[in-house]
Amino acid sequence: MRPAEGQADIIFLMQVGGGTEQTQTMIDAARDGARIVLLSSVGARLFPLETNPIGAALAAREVLLRESGVDVTYLRPNTFASNSLWWLDGIRKGRVVDATGEGRTGVIDPEDIARVATTTLIEDGHVGKGYFLTGPEALTAREQVEIIASVTGRRIDYEGVTPGELAQAAIQRGTAPEQAHALERLNELLRAGRAGFVTDDVENITGTAPGTFRAWCERNADAFR
Ligand SMILES: NC(=O)c1ccc[n+]([C@@H]2O[C@H](COP(=O)([O-])OP(=O)(O)OC[C@H]3O[C@@H](n4cnc5c(N)ncnc54)[C@H](OP(=O)(O)O)[C@@H]3O)[C@@H](O)[C@H]2O)c1
């Protein structure tokens with residue numbers, strides 16, 4: 001039977017922007033027996049959420065879905081390898097400024113997230129499960145910068161600042177204080193190593209080990225030019 005107009009049987013839900021409005025829209029669009037694979041984040045599980053507004057927003061979406069009664073699979077990736085493109089200006093100037101210090105993160109290639117999403121969308125057995133998706137190694141930002149330097153053949157220095165200093169600089173450049181302070185809290189968690197873990201979930205679900213940060217950089221080297 002075809003779903004009623006505007007409804008769907010299998011949904012991949014990636015939300016951009018804040019709030020839970022998009023979540024509710026997709027719950028409403030899920031017909032009886034439908035399945036949603038949600039792209040959430042490890043941030044949704046970095047407690048306490050009272051002091052982690054970015055994680056709290058992600059967790060609120062998970063709660064809404066859990067309470068909706070729809071069949072959901074929760075994908076919680078760690079830091080995307082592609083986040084390193086946020087450093088592009090710094091990379092081109094030869095100096096990356098970062099506030100995560102010695103905190104490691106199990107940085108993941110977005111293509112591995114896509115592979116997991118595809119598998120969990122088409123395969124049975126994933127409803128109600130939550131997966132923590134990581135790459136094969138936990139790296140500091142400095143180590144990521146060194147890999148980018150090695151792959152691109154550029155000299156790139158790493159400058160460590162505190163989360164508070166980074167937030168103040170962002171506010172001076174025009175970032176809304178609320179947004180800057182939310183990022184400050186997230187950087188504090190990352191700096192404390194709270195995302196510095198790796199899991200076997202990508203390999204267990206897809207049968208193939210996740211790729212390294214270096215492999216992602218080599219595949220995307222042109223993006224750093
Ligand atoms: N970045 C991370 O480390 C991380 C970690 C865990 C989870 N996540 C989750 O992953 C998702 C993406 O995060 P991100 O950091 O990659 O965000 P992002 O940098 O803002 O990228 C969002 C992407 O979505 C596209 N997009 C925006 N609106 C769309 C729409 N209506 N239909 C189709 N595509 C649309 C954008 O395309 P355009 O560029 O053309 O606008 C862009 O490619 C978010 O839900 C986030 O919570 C991110």
# chains A, B, ... in the order shown; residues from 1 in each chain; ligands from 1

call {"tool": "residues_near_ligand", "arguments": {"ligand": "ligand 1", "cutoff": "10 Å", "atoms": "only C-alpha atoms and all ligand atoms", "output": "PyMOL selection string"}}
result
chain A and resi 13-18+38-44+54-55+57-58+75-86+105+107-110+113+132-134

call {"tool": "select_by_dssp", "arguments": {"residues": "stretch 115-224 of chain A", "states": "strand (DSSP E)", "output": "list in words"}}
result
Gly130, Tyr131, Phe132, Leu133, Asp157, Tyr158, Glu159 and Gly160 of chain A

call {"tool": "closest_residue", "arguments": {"among": "A:Asp112, A:Glu102, A:Asp124, A:Glu178", "to": "A:Thr73", "atoms": "only C-alpha atoms"}}
result
A:Asp124

call {"tool": "closest_residue", "arguments": {"among": "A:Thr152, A:Thr162, A:Thr23, A:Asn187", "to": "A:Asn220", "atoms": "only C-alpha atoms"}}
result
A:Thr152

call {"tool": "closest_residue", "arguments": {"among": "A:Leu121, A:Gln24, A:Ala59, A:Gly103", "to": "A:Ile10", "atoms": "only C-alpha atoms"}}
result
A:Leu121

call {"tool": "atom_distance", "arguments": {"atom1": "atom CA of A:Val145", "atom2": "atom CA of A:Ala215"}}
result
13.8 Å
